[in-house]
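Q: Following this line is my_file.txt, made up of compact mmCIF, C-alpha atoms:
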```txt
# COMPACT_ATOMS: atom_id res chain seq x y z
CA MET O 1 121.42 119.58 158.33
CA ILE O 2 117.65 119.51 158.01
CA THR O 3 117.90 122.17 155.28
CA VAL O 4 120.16 119.89 153.24
CA VAL O 5 117.65 117.05 153.60
CA ASP O 6 114.77 119.35 152.65
CA ILE O 7 116.54 120.68 149.57
CA THR O 8 117.58 117.18 148.45
CA LEU O 9 114.03 115.84 148.87
CA LEU O 10 112.49 118.81 147.06
CA ILE O 11 114.92 118.52 144.13
CA LEU O 12 114.20 114.79 143.85
CA LEU O 13 110.47 115.57 144.05
CA GLY O 14 110.77 118.08 141.22
CA VAL O 15 112.83 115.71 139.07
CA THR O 16 110.32 112.90 139.65
CA ALA O 17 107.36 115.15 138.78
CA VAL O 18 108.93 116.37 135.54
CA THR O 19 109.89 112.81 134.59
CA VAL O 20 106.32 111.61 135.20
CA ILE O 21 104.98 114.36 132.93
CA ARG O 22 107.44 113.62 130.12
CA MET O 23 107.07 109.84 130.38
CA ARG O 24 104.96 108.20 127.65
CA ASN O 25 105.10 104.76 129.27
CA LEU O 26 102.37 104.64 131.91
CA PHE O 27 103.83 101.67 133.80
CA ALA O 28 107.04 103.58 134.51
CA ALA O 29 105.00 106.71 135.29
CA THR O 30 102.97 104.76 137.88
CA MET O 31 106.13 103.52 139.56
CA LEU O 32 107.53 107.07 139.62
CA MET O 33 104.26 108.29 141.20
CA GLY O 34 104.89 105.78 143.98
CA ILE O 35 108.39 107.18 144.43
CA TYR O 36 106.90 110.70 144.44
CA SER O 37 104.60 109.67 147.30
CA LEU O 38 107.49 108.16 149.22
CA LEU O 39 109.51 111.38 148.81
CA SER O 40 106.50 113.40 150.03
CA ALA O 41 106.33 111.10 153.04
CA GLY O 42 109.99 111.90 153.69
CA LEU O 43 109.19 115.63 153.55
CA PHE O 44 106.35 115.14 156.04
CA VAL O 45 108.83 113.41 158.37
CA THR O 46 111.15 116.42 158.24
CA MET O 47 108.11 118.56 159.19
CA ASP O 48 107.54 116.27 162.22
CA ALA O 49 104.15 115.11 160.85
CA MET O 50 104.70 111.41 161.51
CA ASP O 51 101.07 110.34 161.21
CA VAL O 52 100.66 112.10 157.86
CA ALA O 53 103.93 110.61 156.58
CA PHE O 54 102.77 107.16 157.66
CA THR O 55 99.48 107.54 155.79
CA GLU O 56 101.18 108.95 152.69
CA ALA O 57 103.63 106.05 152.58
CA ALA O 58 100.94 103.41 153.10
CA VAL O 59 98.21 104.85 150.86
CA GLY O 60 100.09 106.99 148.32
CA ALA O 61 103.06 104.74 147.70
CA GLY O 62 101.33 101.43 148.43
CA ILE O 63 97.63 101.04 147.71
CA SER O 64 97.35 103.80 145.06
CA THR O 65 100.18 102.26 143.05
CA ILE O 66 98.44 98.87 143.14
CA LEU O 67 95.13 100.39 142.02
CA MET O 68 96.88 102.30 139.22
CA LEU O 69 98.51 99.03 138.12
CA GLY O 70 95.08 97.40 138.13
CA THR O 71 93.79 100.20 135.92
CA LEU O 72 96.79 99.90 133.58
CA ALA O 73 96.06 96.20 133.16
CA LEU O 74 92.64 97.23 131.81
CA VAL O 75 93.58 100.21 129.65
CA GLY O 76 97.09 99.33 128.43
CA SER O 77 100.33 100.94 129.50
CA GLU O 78 101.16 103.24 126.58
CA GLU O 79 99.94 106.84 126.59
CA LYS O 80 98.43 108.12 123.34
CA GLU O 81 100.07 111.00 121.50
CA PRO O 82 98.55 114.30 122.66
CA GLN O 83 95.98 115.77 120.28
CA HIS O 84 96.58 119.43 121.10
CA ARG O 85 99.58 121.62 121.61
CA PRO O 86 100.17 122.14 125.34
CA VAL O 87 100.42 125.95 125.14
CA LEU O 88 97.09 126.87 126.76
CA PRO O 89 97.30 124.29 129.61
CA LEU O 90 100.90 125.37 130.25
CA PHE O 91 99.82 129.02 130.40
CA VAL O 92 96.95 128.24 132.82
CA THR O 93 99.26 126.14 135.02
CA LEU O 94 101.93 128.83 135.14
CA VAL O 95 99.40 131.58 136.00
CA VAL O 96 97.74 129.47 138.73
CA GLY O 97 101.15 128.47 140.09
CA ALA O 98 102.27 132.10 140.18
CA ILE O 99 99.06 133.11 142.02
CA LEU O 100 99.57 130.32 144.57
CA ILE O 101 103.19 131.32 145.18
CA TYR O 102 102.06 134.96 145.52
CA GLY O 103 99.51 133.74 148.07
CA THR O 104 102.20 132.04 150.18
CA LEU O 105 104.00 135.40 150.56
CA ASP O 106 101.22 136.52 152.92
CA MET O 107 101.29 133.32 154.94
CA PRO O 108 102.76 133.34 158.44
CA GLU O 109 106.19 131.83 158.96
CA PHE O 110 106.23 128.02 159.05
CA GLY O 111 106.39 126.55 162.54
CA ASN O 112 106.14 129.88 164.37
CA PRO O 113 104.23 129.31 167.65
CA ASP O 114 102.65 132.79 167.37
CA ASN O 115 100.79 131.86 164.15
CA PRO O 116 97.00 132.25 164.31
CA VAL O 117 96.50 128.52 163.72
CA HIS O 118 98.36 127.78 166.97
CA GLN O 119 96.35 130.30 169.02
CA HIS O 120 92.85 128.82 168.78
CA VAL O 121 92.28 125.31 170.22
CA ALA O 122 95.81 123.94 169.80
CA PRO O 123 97.08 125.21 173.19
CA TYR O 124 94.20 123.45 174.93
CA TYR O 125 94.97 120.19 173.09
CA LEU O 126 98.66 120.41 173.96
CA GLU O 127 98.15 121.27 177.62
CA ASP O 128 95.05 119.34 178.63
CA SER O 129 94.70 116.34 176.32
CA TYR O 130 96.84 114.13 178.56
CA ASP O 131 94.82 115.01 181.67
CA ASP O 132 91.56 114.41 179.78
CA THR O 133 92.45 111.04 178.31
CA HIS O 134 95.84 109.76 179.62
CA ILE O 135 96.83 109.09 175.99
CA PRO O 136 100.24 110.51 175.05
CA ASN O 137 99.68 110.75 171.27
CA ILE O 138 97.84 114.04 170.84
CA VAL O 139 97.06 113.28 167.18
CA THR O 140 95.10 110.18 168.22
CA VAL O 141 93.22 112.12 170.89
CA VAL O 142 92.29 114.93 168.50
CA LEU O 143 91.19 112.50 165.76
CA GLY O 144 89.32 110.13 168.03
CA SER O 145 87.90 112.27 170.78
CA TYR O 146 87.92 116.04 170.23
CA ARG O 147 87.20 115.66 166.53
CA GLY O 148 85.32 112.35 166.64
CA PHE O 149 82.54 113.59 164.35
CA ASP O 150 85.04 114.47 161.62
CA THR O 151 86.69 111.07 161.85
CA MET O 152 83.31 109.35 161.63
CA GLY O 153 82.63 111.39 158.51
CA GLU O 154 85.96 110.26 157.09
CA ALA O 155 85.12 106.62 157.76
CA ALA O 156 81.80 107.17 155.98
CA VAL O 157 83.60 108.82 153.03
CA VAL O 158 85.99 105.86 152.74
CA PHE O 159 83.02 103.50 152.77
CA THR O 160 81.26 105.63 150.14
CA ALA O 161 84.33 105.28 147.92
CA LEU O 162 83.97 101.50 148.04
CA VAL O 163 80.26 101.69 147.26
CA GLY O 164 80.94 104.01 144.32
CA VAL O 165 83.69 101.82 142.87
CA LEU O 166 81.57 98.70 143.25
CA LEU O 167 78.62 100.36 141.52
CA LEU O 168 80.88 101.35 138.62
CA LEU O 169 83.11 98.30 138.30
CA ALA O 170 81.62 95.19 139.87
CA ARG O 171 78.64 94.70 137.52
CA GLY O 172 76.52 93.16 140.23
CA GLY O 173 79.35 90.94 141.42
CA ASN O 174 79.50 88.92 138.20
CA SER O 175 83.20 89.51 137.75
CA HIS O 176 84.05 87.67 140.96
CA ARG O 177 81.84 84.74 140.12
CA ALA O 178 83.49 84.56 136.73
CA VAL O 179 86.88 84.25 138.43
CA ASP O 180 85.57 81.71 140.91
CA ARG O 181 84.33 79.38 138.19
CA ARG O 182 87.80 78.65 136.87
CA PRO O 183 90.09 78.66 139.88
CA GLY O 184 93.05 77.13 138.06
CA GLN O 185 93.61 80.25 135.98
CA GLY O 186 93.82 82.72 138.79
CA ASP O 187 97.31 83.82 137.86
CA ARG O 188 96.03 85.09 134.52
CA ASP O 189 93.78 87.80 135.92
CA ALA O 190 94.33 91.42 135.15
CA ILE O 191 96.40 92.69 138.05
CA THR O 192 98.82 89.79 138.11
CA ARG O 193 99.56 90.41 134.47
CA ALA O 194 100.33 94.03 135.20
CA GLY O 195 102.60 93.17 138.08
CA ALA O 196 104.31 90.35 136.25
CA SER O 197 105.37 92.22 133.15
CA PRO O 198 107.60 95.10 134.19
CA THR O 199 109.94 94.39 131.27
CA GLU O 200 107.12 95.24 128.87
CA GLY O 201 107.83 98.94 129.33
CA ALA O 202 111.59 98.75 129.70
CA ASP O 203 112.43 99.12 126.04
CA HIS O 204 110.28 102.25 125.74
CA GLY O 205 111.62 103.98 128.82
CA MET W 1 104.48 81.99 137.83
CA ASP W 2 106.27 78.88 139.08
CA ASP W 3 109.73 80.27 138.38
CA ARG W 4 109.27 83.28 140.67
CA VAL W 5 110.47 81.36 143.72
CA ILE W 6 111.92 84.31 145.61
CA LEU W 7 108.70 86.31 145.20
CA ARG W 8 106.50 83.43 146.31
CA ILE W 9 108.56 82.36 149.33
CA GLY W 10 109.43 85.94 150.28
CA SER W 11 105.83 87.11 150.27
CA LYS W 12 104.74 84.01 152.16
CA ILE W 13 107.28 84.75 154.90
CA LEU W 14 106.41 88.46 154.97
CA THR W 15 102.62 88.16 155.12
CA PRO W 16 102.27 87.23 158.83
CA PHE W 17 104.74 89.95 159.82
CA ILE W 18 102.80 92.55 157.82
CA MET W 19 99.63 91.52 159.67
CA ILE W 20 101.35 91.65 163.08
CA PHE W 21 102.75 95.08 162.20
CA ALA W 22 99.24 96.25 161.24
CA PHE W 23 97.93 95.29 164.68
CA TYR W 24 100.99 96.86 166.33
CA VAL W 25 100.20 100.12 164.52
CA GLN W 26 96.57 99.78 165.57
CA PHE W 27 97.12 99.20 169.27
CA HIS W 28 100.24 101.34 169.59
CA GLY W 29 98.40 104.29 168.00
CA ASP W 30 97.75 105.72 171.46
CA TYR W 31 101.48 106.05 172.12
CA GLY W 32 103.16 106.55 168.74
CA PRO W 33 102.38 107.46 165.17
CA GLY W 34 99.62 105.44 163.57
CA GLY W 35 96.06 104.42 164.22
CA GLY W 36 93.14 102.69 162.65
CA PHE W 37 93.52 104.21 159.21
CA GLN W 38 97.16 103.26 158.69
CA ALA W 39 96.65 99.86 160.34
CA GLY W 40 93.72 99.10 158.03
CA VAL W 41 95.80 99.92 154.96
CA ILE W 42 98.70 97.75 156.15
CA LEU W 43 96.40 94.83 156.96
CA ALA W 44 94.84 95.15 153.52
CA ALA W 45 98.34 95.27 151.99
CA ALA W 46 99.00 91.78 153.36
CA PHE W 47 96.06 90.41 151.36
CA VAL W 48 96.88 92.52 148.30
CA LEU W 49 100.45 91.16 148.32
CA TYR W 50 99.09 87.62 148.53
CA GLY W 51 96.72 88.34 145.65
CA LEU W 52 99.47 89.86 143.51
CA VAL W 53 101.84 86.94 143.93
CA TYR W 54 99.44 83.97 144.05
CA GLY W 55 96.67 85.31 141.81
CA LEU W 56 93.23 86.71 142.51
CA ALA W 57 91.50 83.31 142.61
CA ASN W 58 93.67 82.14 145.49
CA VAL W 59 93.20 85.25 147.63
CA LEU W 60 89.45 85.01 146.96
CA LYS W 61 89.56 81.53 148.53
CA VAL W 62 91.25 82.96 151.64
CA LEU W 63 88.99 86.00 151.84
CA PRO W 64 85.77 85.82 149.80
CA PRO W 65 84.67 89.23 148.46
CA VAL W 66 81.67 89.34 150.78
CA VAL W 67 84.01 89.66 153.80
CA PRO W 68 85.67 92.98 152.85
CA TYR W 69 82.35 94.38 151.63
CA LEU W 70 80.72 93.52 154.97
CA CYS W 71 83.77 94.84 156.87
CA GLY W 72 83.47 98.18 155.09
CA ALA W 73 79.92 98.62 156.33
CA LEU W 74 80.50 97.03 159.73
CA GLY W 75 83.30 99.45 160.63
CA VAL W 76 81.13 102.52 160.06
CA MET W 77 78.43 100.84 162.15
CA ILE W 78 80.90 100.20 165.01
CA PHE W 79 81.96 103.85 164.90
CA ALA W 80 78.42 105.22 164.76
CA GLY W 81 77.26 102.61 167.29
CA THR W 82 79.83 103.85 169.82
CA GLY W 83 78.12 107.21 169.59
CA PHE W 84 74.73 105.65 170.27
CA VAL W 85 76.14 103.78 173.29
CA THR W 86 77.32 107.05 174.83
CA LEU W 87 73.89 108.55 174.02
CA ALA W 88 72.19 105.63 175.78
CA LEU W 89 74.44 106.11 178.82
CA GLY W 90 73.19 109.68 179.11
CA ASP W 91 75.89 111.86 177.53
CA ASN W 92 76.37 113.50 174.14
CA TYR W 93 77.01 111.61 170.90
CA LEU W 94 80.62 110.29 170.91
CA ALA W 95 81.33 111.75 174.39
CA TYR W 96 83.33 108.84 175.78
CA ASN W 97 83.58 110.02 179.41
CA VAL W 98 80.55 107.96 180.44
CA LEU W 99 82.00 104.66 179.17
CA ALA W 100 83.85 104.09 182.48
CA THR W 101 83.74 105.45 186.01
CA ASP W 102 86.98 107.35 185.46
CA PRO W 103 86.48 109.80 182.54
CA ALA W 104 90.05 109.24 181.27
CA ASP W 105 89.43 105.48 181.15
CA GLY W 106 86.20 106.15 179.30
CA GLN W 107 88.11 108.17 176.70
CA HIS W 108 90.55 105.26 176.37
CA TYR W 109 87.77 102.73 175.74
CA GLY W 110 85.94 105.06 173.38
CA ILE W 111 89.01 105.71 171.24
CA LEU W 112 89.77 101.97 171.22
CA ALA W 113 86.22 101.28 169.98
CA ILE W 114 86.23 103.86 167.21
CA GLU W 115 89.73 102.82 166.10
CA LEU W 116 88.35 99.30 165.78
CA GLY W 117 85.64 100.73 163.56
CA VAL W 118 88.17 102.65 161.47
CA ILE W 119 90.51 99.67 160.91
CA THR W 120 87.54 97.47 159.96
CA THR W 121 86.22 99.98 157.43
CA VAL W 122 89.58 100.85 155.91
CA PHE W 123 90.65 97.20 155.66
CA GLY W 124 87.36 96.24 154.01
CA VAL W 125 87.41 99.17 151.60
CA MET W 126 91.04 98.72 150.53
CA VAL W 127 90.67 94.98 149.89
CA GLY W 128 87.29 95.60 148.25
CA LEU W 129 88.81 98.20 145.90
CA PHE W 130 91.60 95.78 145.01
CA TYR W 131 89.07 93.05 144.22
CA ALA W 132 86.97 95.43 142.14
CA PHE W 133 89.95 96.56 140.03
CA ALA W 134 91.71 93.21 139.76
CA GLY W 135 88.53 91.23 139.06
CA ARG W 136 87.75 93.06 135.84
CA GLU W 137 88.80 91.46 132.62
CA ARG W 138 90.24 93.67 129.88
CA SER W 139 87.45 94.40 127.42
```
Could you take the file, read its structure, and then write that structure out as structure tokens?

A:
Amino acid sequence: MITVVDITLLILLGVTAVTVIRMRNLFAATMLMGIYSLLSAGLFVTMDAMDVAFTEAAVGAGISTILMLGTLALVGSEEKEPQHRPVLPLFVTLVVGAILIYGTLDMPEFGNPDNPVHQHVAPYYLEDSYDDTHIPNIVTVVLGSYRGFDTMGEAAVVFTALVGVLLLLARGGNSHRAVDRRPGQGDRDAITRAGASPTEGADHG
Amino acid sequence: MDDRVILRIGSKILTPFIMIFAFYVQFHGDYGPGGGFQAGVILAAAFVLYGLVYGLANVLKVLPPVVPYLCGALGVMIFAGTGFVTLALGDNYLAYNVLATDPADGQHYGILAIELGVITTVFGVMVGLFYAFAGRERS
């Protein structure tokens, strides 16, 4: 049963990826990227990685799509014709893909408890985390307690992303003040336009 | 915008439930999937949805840009500050055992504190990113 679900999800994933590549209309491509993320989240669920699936669905399918729409509102939603023939990039992609697939041949079997990755600290986490913390969700314990330094680094990285985007985009905060000055026209700002005009791309798709 | 009645009413009804769900994910993270990161994204999604449907100017009235920017920094400070509290109590950085008499309780409080830091940062950053992208006019 789970094999059927896996194969269905992977086929849909492949179809979505190819469609995104061939699509000239960037609005439709953005929406398909959201669907791609949602399908990946489904795959993570079949691999019992609930926390990862949750994050993928919330960030990949949700926030990323919104940010891409915001970008589309600034740059327009039609992709330019490619300047070069895609032979060399295709060749590089195929070679790298073949090397990666060759690399997976040496990898241990998925989900096998004898794999090296399950022999190091994982047994301790599984056996002792409840006695250490009385928290049933081992993922939370590992993220928050055993690997607290890593998670703090991640929080700092997320914060750095905001600082970087603000340095690039906010122009010293002027853009917000410009919006504030004419509150009646709020529905005309960039992202609302992008979200409000899905039909714009329909005749191209 | 006025003719999109279903969008406006629907998002208005959904917004409080999205927020409640965010806090459920936050505080249920000890028992089920989820935690500060996912909860922060969902909480931000409530404001992003409001901004998408009602326009950026209206969501800026609800949540001025200084709030998410401050939240982004404050969350990291809560997280790092938890480490300094455990240092002050005489244990290693981010070793939560000293936060309560029972070490397991201490771990519970510590994880609660850092998850609060994570949700604050992620919420602030996600809303801040949305403001930064949506606030730019096409040049």

Q: Counting only C-alpha atoms, a student should be able to say which residues of chain W come within 7 Å of chain O; what is the right answer, written as a count of residues only?

A: 39

Q: Quick check, in Å to one decimal: how far apart do atom CA of Asp48 of chain O and atom CA of Ala98 of chain O lie?

A: 27.6 Å

Q: May I ask for the distance between atom CA of Leu100 of chain O and atom CA of Pro116 of chain O, given in Å to one decimal place?

A: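 Spanning atom CA of Leu100 of chain O to atom CA of Pro116 of chain O is a straight-line distance of 20.0 Å.
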
Q: Would you please work out which residue, of W:Leu74, W:Leu89, W:Ala100, W:Leu60, is nearest to Tyr131 of chain W when using only C-alpha atoms?

A: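 Going through W:Leu74, W:Leu89, W:Ala100, W:Leu60 one by one, the smallest distance to Tyr131 of chain W is for W:Leu60.
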
Q: Give me, please, the distance in Å between atom CA of Thr19 of chain O and atom CA of Gly60 of chain O, quoted to one decimal.

A: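 Atom CA of Gly60 of chain O lies at a distance of 17.8 Å from atom CA of Thr19 of chain O.
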
Q: If you count all atoms listed in the file, which residues fall within 7 Å of Tyr96 of chain W, apart from same-chain ones fewer than 4 positions away, as a list of chain:residue names?

A: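 Counting all atoms listed in the file, the residues come to W:Thr86, W:Gly106, W:Gln107, W:Gly110.
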
Q: Enclose segment 111-118 of chain O, meaning all of its atoms listed in the file, in a box aligned along x, y and z, pad it by 3 Å on each side, and list the centre and edge lengths in Å to one decimal, as JSON.

A:
```
{"center_x": 101.4, "center_y": 129.7, "center_z": 165.1, "size_x": 15.9, "size_y": 12.2, "size_z": 11.1}
```

Q: Env of Val62 of chain W: 10 Å cut, atoms = only C-alpha atoms, seq-sep filter 5 positions within chain, self excluded. Answer as a compact mmCIF listing (two decimals) with C-alpha atoms, keeping the file's coordinate frame.

A:
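Listed below is the output, part_30.txt:
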```txt
# COMPACT_ATOMS: atom_id res chain seq x y z
CA PHE W 47 96.06 90.41 151.36
CA TYR W 50 99.09 87.62 148.53
CA GLY W 51 96.72 88.34 145.65
CA ALA W 57 91.50 83.31 142.61
```

Q: Pick the closest to Val53 of chain W from W:Ile6, W:Tyr109, W:Phe123, W:Asp102: which is it, counting all atoms listed in the file?

A: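 The shortest atom-to-atom distance to Val53 of chain W comes from W:Ile6.
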
Q: Neighbourhood query: residues within 10 Å of (108.4, 111.1, 141.6), file coordinates, counting only C-alpha atoms; return as a PyMOL selection string.

A: chain O and resi 12-21+29-40

Q: Could you dump the residues just selected with C-alpha atoms as a PDB file, keeping the file's coordinate frame?

A:
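Output file result_37.pdb follows:
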```pdb
ATOM      1  CA  LEU O  12     114.200 114.790 143.850  1.00  0.00           C
ATOM      2  CA  LEU O  13     110.470 115.570 144.050  1.00  0.00           C
ATOM      3  CA  GLY O  14     110.770 118.080 141.220  1.00  0.00           C
ATOM      4  CA  VAL O  15     112.830 115.710 139.070  1.00  0.00           C
ATOM      5  CA  THR O  16     110.320 112.900 139.650  1.00  0.00           C
ATOM      6  CA  ALA O  17     107.360 115.150 138.780  1.00  0.00           C
ATOM      7  CA  VAL O  18     108.930 116.370 135.540  1.00  0.00           C
ATOM      8  CA  THR O  19     109.890 112.810 134.590  1.00  0.00           C
ATOM      9  CA  VAL O  20     106.320 111.610 135.200  1.00  0.00           C
ATOM     10  CA  ILE O  21     104.980 114.360 132.930  1.00  0.00           C
ATOM     11  CA  ALA O  29     105.000 106.710 135.290  1.00  0.00           C
ATOM     12  CA  THR O  30     102.970 104.760 137.880  1.00  0.00           C
ATOM     13  CA  MET O  31     106.130 103.520 139.560  1.00  0.00           C
ATOM     14  CA  LEU O  32     107.530 107.070 139.620  1.00  0.00           C
ATOM     15  CA  MET O  33     104.260 108.290 141.200  1.00  0.00           C
ATOM     16  CA  GLY O  34     104.890 105.780 143.980  1.00  0.00           C
ATOM     17  CA  ILE O  35     108.390 107.180 144.430  1.00  0.00           C
ATOM     18  CA  TYR O  36     106.900 110.700 144.440  1.00  0.00           C
ATOM     19  CA  SER O  37     104.600 109.670 147.300  1.00  0.00           C
ATOM     20  CA  LEU O  38     107.490 108.160 149.220  1.00  0.00           C
ATOM     21  CA  LEU O  39     109.510 111.380 148.810  1.00  0.00           C
ATOM     22  CA  SER O  40     106.500 113.400 150.030  1.00  0.00           C
TER      23      SER O  40
END
```

Q: Restricting the calculation to all atoms listed in the file: of O:Leu10, O:Leu88, O:Val95, O:Ile101, which residue gets closest to Gly42 of chain O?

A: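 Comparing O:Leu10, O:Leu88, O:Val95, O:Ile101 against Gly42 of chain O, the winner is O:Leu10.
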
Q: Give as a PDB file with C-alpha atoms, in the coordinates of the input each residue that has an atom at most 12 Å from (107.2, 127.0, 157.2) in the file, counting all atoms listed in the file.

A:
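Final output, part_32.pdb:
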```pdb
ATOM      1  CA  THR O   3     117.900 122.170 155.280  1.00  0.00           C
ATOM      2  CA  ASP O   6     114.770 119.350 152.650  1.00  0.00           C
ATOM      3  CA  PHE O  44     106.350 115.140 156.040  1.00  0.00           C
ATOM      4  CA  THR O  46     111.150 116.420 158.240  1.00  0.00           C
ATOM      5  CA  MET O  47     108.110 118.560 159.190  1.00  0.00           C
ATOM      6  CA  ASP O  48     107.540 116.270 162.220  1.00  0.00           C
ATOM      7  CA  THR O 104     102.200 132.040 150.180  1.00  0.00           C
ATOM      8  CA  LEU O 105     104.000 135.400 150.560  1.00  0.00           C
ATOM      9  CA  MET O 107     101.290 133.320 154.940  1.00  0.00           C
ATOM     10  CA  PRO O 108     102.760 133.340 158.440  1.00  0.00           C
ATOM     11  CA  GLU O 109     106.190 131.830 158.960  1.00  0.00           C
ATOM     12  CA  PHE O 110     106.230 128.020 159.050  1.00  0.00           C
ATOM     13  CA  GLY O 111     106.390 126.550 162.540  1.00  0.00           C
ATOM     14  CA  ASN O 112     106.140 129.880 164.370  1.00  0.00           C
ATOM     15  CA  PRO O 113     104.230 129.310 167.650  1.00  0.00           C
ATOM     16  CA  ASN O 115     100.790 131.860 164.150  1.00  0.00           C
TER      17      ASN O 115
END
```
